[in-house]
Amino acid sequence: MGIAARSASEERSRTGDRVKEALLVLEDGRTFRGEAYGAIGTTVGEAVFSTGMTGYQETLTDPSYAGQVVVMTAPHIGNTGVNGEDDESGRIWVSGYVVRDPSPRPSSWRSQRSLDDELQAQGVVGISGVDTRALTRHLRERGAMRCGVFSGPDAERPVSELVERVRSAPQMAGSALAEEVSTDDAYVVEPLGDRRFTVAAVDLGIKGMTPRRMAERGMQVHVLPATATVEDVLATGADGVFFSNGPGDPATAVPQIELLREVLDRRLPFFGICFGNQLLGRALDLPTYKLRYGHRGVNLPVLDRSTGKVEVTAHNHGFAVQGPEDGGRFESPFGAADVSHICLNDGVTEGLRLLDAPAFSVQYHPEAAAGPHDAGYLFDRFADLMSSSKEPGSAS
């Protein structure tokens, strides 16, 4: 959804301080003025806010943010610059970036360049000097909505014209984006140490840390494109199947839902996170719906109902699974299932589990990049599931 032009530094040298001005326009007509940050030009996407106090580099490179203009609620951004180790994919995926008080210079021994320079280099249009507190409250009250960030000549156009430009952009509901961010070619992440399991991981927008967490547990991970078929999965010799996080509306992911049903039919151990959780829900005939403003941050409390443990977890999702009204057990095409995890802030379904087949999923990010490590045990649970399924006499 983003369209970027010249870098801010190039434009400033050409026209002087005037070009520092930028304008953020929401589809309901509210505007916020600030200064250009990153590339100069125009970008349009869904305005969402992230409450993380850290991890901005991981946020920017998370493919799940494709098509979105991310508002950072933490006021100071860019303090530690950008390095070559913390990216979660090969590029920045956000359509636009909104910050209040960007650091004028990075201060970290790991920093290799400033965040402003990186945004410019990758053509990401941003805006700084915005009252992000007021903007976040507006989005909380009215819900996530489309917005545009305009700098350079476009920022001088009539606001009414810019509002129409924003309203003409596609909405996130109904958007099919997973195949756009997925890998084009399959690749393998080798285990650290001896290989214990082989996993077929369907890339719907996978973060780089996820296969690394599996590799740490002796899993050889075959990362497959979002267009993978059940034949592609079986060709890996997989002991288990994983569906990753990703952007867009889960209702549009019909081929991936059908693939998951094939996996469940074969009783292959399955683990899904985020988008993968939503697709498991739809495979189990549960509906999904769009949240008012989503969960995006690294401090959301989730209850694991099987253990009674409360985890502080990392989230990035604007859709959720509609669980049963009583929040407990339900019947699915693959047998009995239940809601395994719930968000303690708002009761949103945060995990699903099949009771008669080896499959489970969570809505949040156990790979913890960035974020707390409370949920790392879920990768061990996946390993245990595959180990149990390989035992003589197991149902698989």
# chains A, B, ... in the order shown; residues from 1 in each chain; ligands from 1

$ closest_atom_pairs --of "region 302-351 of chain A" --to "region 170-176 of chain A" --cutoff "12 Å" --atoms "only C-alpha atoms" --output "Markdown table"
| residue | atom | partner | partner_atom | distance |
| --- | --- | --- | --- | --- |
| A:His317 | CA | A:Met172 | CA | 11.7 |
| A:Gly318 | CA | A:Met172 | CA | 9.0 |
| A:Phe319 | CA | A:Ala173 | CA | 8.9 |

$ write_last_selection --atoms "C-alpha atoms" --output "JSON list (two decimals), in the first residue's frame"
[["chain", "number", "residue", "atom", "x", "y", "z"],
["A", 317, "HIS", "CA", -2.89, -9.18, 15.36],
["A", 318, "GLY", "CA", -5.96, -7.31, 14.20],
["A", 319, "PHE", "CA", -8.18, -10.38, 13.74]]

$ select_by_dssp --residues "region 139-223 of chain A" --states "alpha helix (DSSP H)" --output "number ranges by chain"
A: 139-142, 159-167, 178-181, 209-215

$ closest_residue --among "A:Asp338, A:Glu58, A:Glu311, A:Asp184" --to "Phe360 (chain A)" --atoms "only C-alpha atoms"
A:Asp338

$ closest_residue --among "A:Gly272, A:Gly208, A:Gly218, A:Gly237" --to "Gly193 (chain A)" --atoms "only C-alpha atoms"
A:Gly218

$ closest_residue --among "A:Tyr56, A:Tyr65, A:Phe270, A:Tyr187" --to "Leu385 (chain A)" --atoms "only C-alpha atoms"
A:Phe270

$ closest_atom_pairs --of "region 18-61 of chain A" --to "region 99-118 of chain A" --cutoff "12 Å" --atoms "only C-alpha atoms" --output "JSON lines"
{"residue": "A:Leu24", "atom": "CA", "partner": "A:Val99", "partner_atom": "CA", "distance": 11.4}
{"residue": "A:Phe32", "atom": "CA", "partner": "A:Arg100", "partner_atom": "CA", "distance": 11.3}
{"residue": "A:Arg33", "atom": "CA", "partner": "A:Arg100", "partner_atom": "CA", "distance": 11.1}
{"residue": "A:Gly34", "atom": "CA", "partner": "A:Arg100", "partner_atom": "CA", "distance": 8.8}
{"residue": "A:Glu35", "atom": "CA", "partner": "A:Arg100", "partner_atom": "CA", "distance": 9.8}
{"residue": "A:Ala36", "atom": "CA", "partner": "A:Asp116", "partner_atom": "CA", "distance": 9.9}
{"residue": "A:Tyr37", "atom": "CA", "partner": "A:Asp116", "partner_atom": "CA", "distance": 6.4}
{"residue": "A:Gly38", "atom": "CA", "partner": "A:Asp116", "partner_atom": "CA", "distance": 5.0}
{"residue": "A:Ala39", "atom": "CA", "partner": "A:Asp116", "partner_atom": "CA", "distance": 8.4}
{"residue": "A:Ile40", "atom": "CA", "partner": "A:Asp116", "partner_atom": "CA", "distance": 11.5}
{"residue": "A:Phe49", "atom": "CA", "partner": "A:Val99", "partner_atom": "CA", "distance": 10.3}
{"residue": "A:Ser50", "atom": "CA", "partner": "A:Val99", "partner_atom": "CA", "distance": 10.8}
{"residue": "A:Thr51", "atom": "CA", "partner": "A:Val99", "partner_atom": "CA", "distance": 11.9}
{"residue": "A:Tyr56", "atom": "CA", "partner": "A:Leu115", "partner_atom": "CA", "distance": 9.4}
{"residue": "A:Gln57", "atom": "CA", "partner": "A:Leu115", "partner_atom": "CA", "distance": 8.4}
{"residue": "A:Leu60", "atom": "CA", "partner": "A:Leu115", "partner_atom": "CA", "distance": 10.3}
{"residue": "A:Thr61", "atom": "CA", "partner": "A:Glu118", "partner_atom": "CA", "distance": 11.5}

$ closest_residue --among "A:Asp356, A:Glu161, A:Glu190, A:Asp62" --to "Met219 (chain A)" --atoms "only C-alpha atoms"
A:Glu190

$ residues_around --residues "Ile257 (chain A)" --least-positions-apart "4" --cutoff "12 Å" --atoms "only C-alpha atoms" --output "CSV table (one decimal) with N, CA, C and O atoms, in the first residue's frame"
chain,number,residue,atom,x,y,z
A,202,VAL,N,5.0,-23.6,7.0
A,202,VAL,CA,4.4,-22.8,6.0
A,202,VAL,C,4.5,-21.3,6.3
A,202,VAL,O,4.0,-20.8,7.3
A,204,LEU,N,3.6,-17.8,6.1
A,204,LEU,CA,2.5,-16.9,5.8
A,204,LEU,C,3.0,-15.4,6.2
A,204,LEU,O,2.1,-14.5,6.2
A,226,ALA,N,3.7,-19.9,1.0
A,226,ALA,CA,2.3,-19.9,1.3
A,226,ALA,C,1.5,-20.7,0.4
A,226,ALA,O,0.4,-21.1,0.7
A,227,THR,N,2.0,-20.9,-0.9
A,227,THR,CA,1.3,-21.7,-1.9
A,227,THR,C,1.5,-23.2,-1.8
A,227,THR,O,1.1,-23.9,-2.7
A,228,ALA,N,2.2,-23.6,-0.8
A,228,ALA,CA,2.6,-25.0,-0.6
A,228,ALA,C,1.3,-25.9,-0.6
A,228,ALA,O,0.3,-25.5,-0.1
A,229,THR,N,1.5,-27.1,-1.2
A,229,THR,CA,0.4,-28.1,-1.2
A,229,THR,C,0.7,-29.2,-0.2
A,229,THR,O,1.8,-29.2,0.4
A,230,VAL,N,-0.2,-30.1,0.0
A,230,VAL,CA,0.0,-31.2,1.0
A,230,VAL,C,1.1,-32.1,0.5
A,230,VAL,O,1.9,-32.6,1.2
A,243,PHE,N,2.3,-23.5,11.0
A,243,PHE,CA,1.8,-22.4,10.3
A,243,PHE,C,2.2,-21.1,11.0
A,243,PHE,O,2.0,-21.0,12.2
A,250,PRO,N,-7.8,-13.5,7.7
A,250,PRO,CA,-7.8,-15.0,7.6
A,250,PRO,C,-8.9,-15.6,6.8
A,250,PRO,O,-8.7,-16.7,6.3
A,251,ALA,N,-10.0,-14.9,6.6
A,251,ALA,CA,-11.1,-15.4,5.8
A,251,ALA,C,-10.7,-15.6,4.4
A,251,ALA,O,-11.3,-16.3,3.6
A,252,THR,N,-9.7,-14.8,3.9
A,252,THR,CA,-9.2,-14.9,2.5
A,252,THR,C,-8.3,-16.1,2.2
A,252,THR,O,-8.0,-16.4,1.1
A,253,ALA,N,-7.8,-16.7,3.3
A,253,ALA,CA,-6.7,-17.7,3.1
A,253,ALA,C,-7.3,-19.1,2.9
A,253,ALA,O,-6.9,-20.1,3.5
A,261,ARG,N,-6.5,-28.5,6.8
A,261,ARG,CA,-7.5,-29.6,6.9
A,261,ARG,C,-6.9,-30.9,6.5
A,261,ARG,O,-7.1,-32.0,7.1
A,262,GLU,N,-6.1,-30.9,5.4
A,262,GLU,CA,-5.4,-32.1,4.9
A,262,GLU,C,-4.4,-32.6,6.0
A,262,GLU,O,-4.3,-33.8,6.2
A,263,VAL,N,-3.7,-31.6,6.6
A,263,VAL,CA,-2.8,-32.0,7.6
A,263,VAL,C,-3.5,-32.6,8.8
A,263,VAL,O,-3.0,-33.7,9.4
A,264,LEU,N,-4.6,-32.1,9.2
A,264,LEU,CA,-5.3,-32.6,10.4
A,264,LEU,C,-5.9,-34.0,10.0
A,264,LEU,O,-6.0,-34.9,10.9
A,272,GLY,N,0.5,-23.8,15.4
A,272,GLY,CA,0.3,-22.5,14.6
A,272,GLY,C,0.4,-21.4,15.6
A,272,GLY,O,0.0,-21.5,16.8
A,275,PHE,N,-1.5,-15.8,12.8
A,275,PHE,CA,-2.3,-16.1,11.7
A,275,PHE,C,-2.6,-17.6,11.6
A,275,PHE,O,-3.7,-18.0,11.2
A,276,GLY,N,-1.6,-18.4,12.0
A,276,GLY,CA,-1.8,-19.8,12.0
A,276,GLY,C,-2.8,-20.3,13.0
A,276,GLY,O,-3.6,-21.3,12.8
A,277,ASN,N,-3.0,-19.5,14.1
A,277,ASN,CA,-4.1,-19.8,15.1
A,277,ASN,C,-5.4,-19.5,14.5
A,277,ASN,O,-6.4,-20.3,14.6
A,278,GLN,N,-5.5,-18.4,13.7
A,278,GLN,CA,-6.8,-18.0,13.1
A,278,GLN,C,-7.2,-19.0,12.0
A,278,GLN,O,-8.3,-19.4,11.9
A,279,LEU,N,-6.2,-19.6,11.3
A,279,LEU,CA,-6.5,-20.5,10.3
A,279,LEU,C,-6.9,-21.9,10.9
A,279,LEU,O,-7.8,-22.6,10.4
A,280,LEU,N,-6.3,-22.2,12.1
A,280,LEU,CA,-6.8,-23.4,12.7
A,280,LEU,C,-8.2,-23.3,13.2
A,280,LEU,O,-9.0,-24.2,13.0
A,281,GLY,N,-8.5,-22.1,13.7
A,281,GLY,CA,-9.9,-21.8,14.1
A,281,GLY,C,-10.9,-22.0,12.9
A,281,GLY,O,-11.9,-22.7,13.0
A,282,ARG,N,-10.5,-21.5,11.8
A,282,ARG,CA,-11.4,-21.6,10.6
A,282,ARG,C,-11.5,-23.0,10.1
A,282,ARG,O,-12.5,-23.5,9.6
A,283,ALA,N,-10.3,-23.8,10.2
A,283,ALA,CA,-10.3,-25.2,9.8
A,283,ALA,C,-11.3,-26.0,10.7
A,283,ALA,O,-11.8,-27.0,10.3
A,284,LEU,N,-11.4,-25.5,12.0
A,284,LEU,CA,-12.3,-26.2,12.9
A,284,LEU,C,-13.7,-25.6,12.9
A,284,LEU,O,-14.5,-25.9,13.8
A,285,ASP,N,-14.0,-24.8,11.8
A,285,ASP,CA,-15.4,-24.3,11.6
A,285,ASP,C,-15.7,-23.2,12.6
A,285,ASP,O,-16.9,-22.9,12.8
A,286,LEU,N,-14.7,-22.5,13.2
A,286,LEU,CA,-15.0,-21.3,14.0
A,286,LEU,C,-14.8,-20.1,13.2
A,286,LEU,O,-13.9,-20.0,12.3

$ closest_residue --among "A:Ser244, A:Thr42, A:Thr307, A:Ser160" --to "Pro366 (chain A)" --atoms "only C-alpha atoms"
A:Ser244

$ residues_around --residues "Asn299 (chain A)" --least-positions-apart "5" --cutoff "7 Å" --atoms "only C-alpha atoms" --output "PyMOL selection string"
chain A and resi 312-314

$ closest_residue --among "A:Ile77, A:Ala22, A:Val298, A:Glu216" --to "Arg157 (chain A)" --atoms "only C-alpha atoms"
A:Ala22

$ residues_around --residues "Pro358 (chain A)" --least-positions-apart "6" --cutoff "9 Å" --atoms "only C-alpha atoms" --output "list of chain:residue names"
A:Leu264, A:Arg267, A:Leu268, A:Pro269, A:Phe270, A:Phe271, A:Leu385, A:Met386, A:Ser389, A:Ala395, A:Ser396

$ write_last_selection --atoms "N, CA, C and O atoms" --output "compact mmCIF listing (two decimals), in the first residue's frame"
# COMPACT_ATOMS: atom_id res chain seq x y z
N LEU A 264 -4.58 -32.05 9.23
CA LEU A 264 -5.33 -32.59 10.36
C LEU A 264 -5.92 -33.96 10.03
O LEU A 264 -5.97 -34.86 10.90
N ARG A 267 -3.49 -36.51 10.65
CA ARG A 267 -3.07 -36.54 12.05
C ARG A 267 -1.59 -36.25 12.21
O ARG A 267 -0.92 -36.78 13.10
N LEU A 268 -1.08 -35.37 11.36
CA LEU A 268 0.28 -34.87 11.53
C LEU A 268 0.28 -33.85 12.67
O LEU A 268 -0.60 -32.98 12.72
N PRO A 269 1.21 -33.91 13.58
CA PRO A 269 1.27 -32.90 14.65
C PRO A 269 1.33 -31.49 14.06
O PRO A 269 2.12 -31.23 13.14
N PHE A 270 0.51 -30.60 14.61
CA PHE A 270 0.42 -29.24 14.09
C PHE A 270 0.57 -28.22 15.20
O PHE A 270 0.03 -28.39 16.29
N PHE A 271 1.32 -27.15 14.88
CA PHE A 271 1.48 -26.00 15.77
C PHE A 271 1.34 -24.74 14.92
O PHE A 271 1.97 -24.63 13.87
N LEU A 385 4.80 -33.08 21.36
CA LEU A 385 3.70 -33.58 20.53
C LEU A 385 4.23 -34.47 19.42
O LEU A 385 3.70 -35.56 19.14
N MET A 386 5.31 -34.03 18.76
CA MET A 386 5.90 -34.84 17.69
C MET A 386 6.51 -36.12 18.25
O MET A 386 6.41 -37.19 17.64
N SER A 389 3.79 -38.61 18.98
CA SER A 389 3.19 -39.15 17.77
C SER A 389 4.08 -40.17 17.09
O SER A 389 3.60 -41.00 16.31
N ALA A 395 -1.50 -42.67 17.74
CA ALA A 395 -2.61 -42.55 16.78
C ALA A 395 -2.14 -42.16 15.41
O ALA A 395 -2.80 -42.38 14.41
N SER A 396 -0.97 -41.51 15.30
CA SER A 396 -0.46 -41.09 14.00
C SER A 396 0.14 -42.23 13.22
O SER A 396 0.45 -42.11 12.08

$ residues_around --residues "Gln220 (chain A)" --least-positions-apart "6" --cutoff "9 Å" --atoms "only C-alpha atoms" --output "PyMOL selection string"
chain A and resi 188-192+195-200+211+214

$ decode --residues "region 105-117 of chain A" --atoms "N, CA, C and O atoms" --output "mmCIF file, in the first residue's frame"
data_model
loop_
_atom_site.group_PDB
_atom_site.id
_atom_site.type_symbol
_atom_site.label_atom_id
_atom_site.label_comp_id
_atom_site.auth_asym_id
_atom_site.auth_seq_id
_atom_site.Cartn_x
_atom_site.Cartn_y
_atom_site.Cartn_z
ATOM 1 N N ARG A 105 20.383 11.054 17.258
ATOM 2 C CA ARG A 105 21.550 10.213 16.972
ATOM 3 C C ARG A 105 21.457 8.954 17.822
ATOM 4 O O ARG A 105 21.028 8.997 18.978
ATOM 5 N N PRO A 106 21.817 7.810 17.259
ATOM 6 C CA PRO A 106 21.740 6.558 18.018
ATOM 7 C C PRO A 106 22.863 6.448 19.029
ATOM 8 O O PRO A 106 23.940 7.027 18.861
ATOM 9 N N SER A 107 22.608 5.702 20.093
ATOM 10 C CA SER A 107 23.619 5.484 21.122
ATOM 11 C C SER A 107 23.572 4.023 21.540
ATOM 12 O O SER A 107 22.809 3.627 22.426
ATOM 13 N N SER A 108 24.369 3.189 20.863
ATOM 14 C CA SER A 108 24.483 1.778 21.202
ATOM 15 C C SER A 108 25.715 1.214 20.527
ATOM 16 O O SER A 108 25.997 1.547 19.360
ATOM 17 N N TRP A 109 26.422 0.344 21.217
ATOM 18 C CA TRP A 109 27.604 -0.264 20.615
ATOM 19 C C TRP A 109 27.243 -1.193 19.457
ATOM 20 O O TRP A 109 28.063 -1.483 18.605
ATOM 21 N N ARG A 110 25.964 -1.594 19.386
ATOM 22 C CA ARG A 110 25.516 -2.464 18.303
ATOM 23 C C ARG A 110 25.031 -1.683 17.090
ATOM 24 O O ARG A 110 24.812 -2.258 16.018
ATOM 25 N N SER A 111 24.828 -0.389 17.231
ATOM 26 C CA SER A 111 24.255 0.404 16.143
ATOM 27 C C SER A 111 25.215 0.530 14.958
ATOM 28 O O SER A 111 26.409 0.783 15.131
ATOM 29 N N GLN A 112 24.650 0.376 13.755
ATOM 30 C CA GLN A 112 25.422 0.537 12.529
ATOM 31 C C GLN A 112 24.970 1.736 11.704
ATOM 32 O O GLN A 112 25.705 2.233 10.861
ATOM 33 N N ARG A 113 23.747 2.212 11.945
ATOM 34 C CA ARG A 113 23.227 3.378 11.246
ATOM 35 C C ARG A 113 21.989 3.861 12.007
ATOM 36 O O ARG A 113 21.445 3.140 12.850
ATOM 37 N N SER A 114 21.532 5.051 11.680
ATOM 38 C CA SER A 114 20.367 5.597 12.369
ATOM 39 C C SER A 114 19.082 5.019 11.777
ATOM 40 O O SER A 114 19.046 4.566 10.618
ATOM 41 N N LEU A 115 18.026 5.061 12.562
ATOM 42 C CA LEU A 115 16.735 4.587 12.089
ATOM 43 C C LEU A 115 16.232 5.461 10.937
ATOM 44 O O LEU A 115 15.677 4.949 9.951
ATOM 45 N N ASP A 116 16.426 6.764 11.032
ATOM 46 C CA ASP A 116 16.008 7.672 9.964
ATOM 47 C C ASP A 116 16.682 7.292 8.650
ATOM 48 O O ASP A 116 16.049 7.217 7.588
ATOM 49 N N ASP A 117 17.987 7.013 8.698
ATOM 50 C CA ASP A 117 18.711 6.617 7.491
ATOM 51 C C ASP A 117 18.161 5.312 6.925
ATOM 52 O O ASP A 117 18.051 5.145 5.699
#
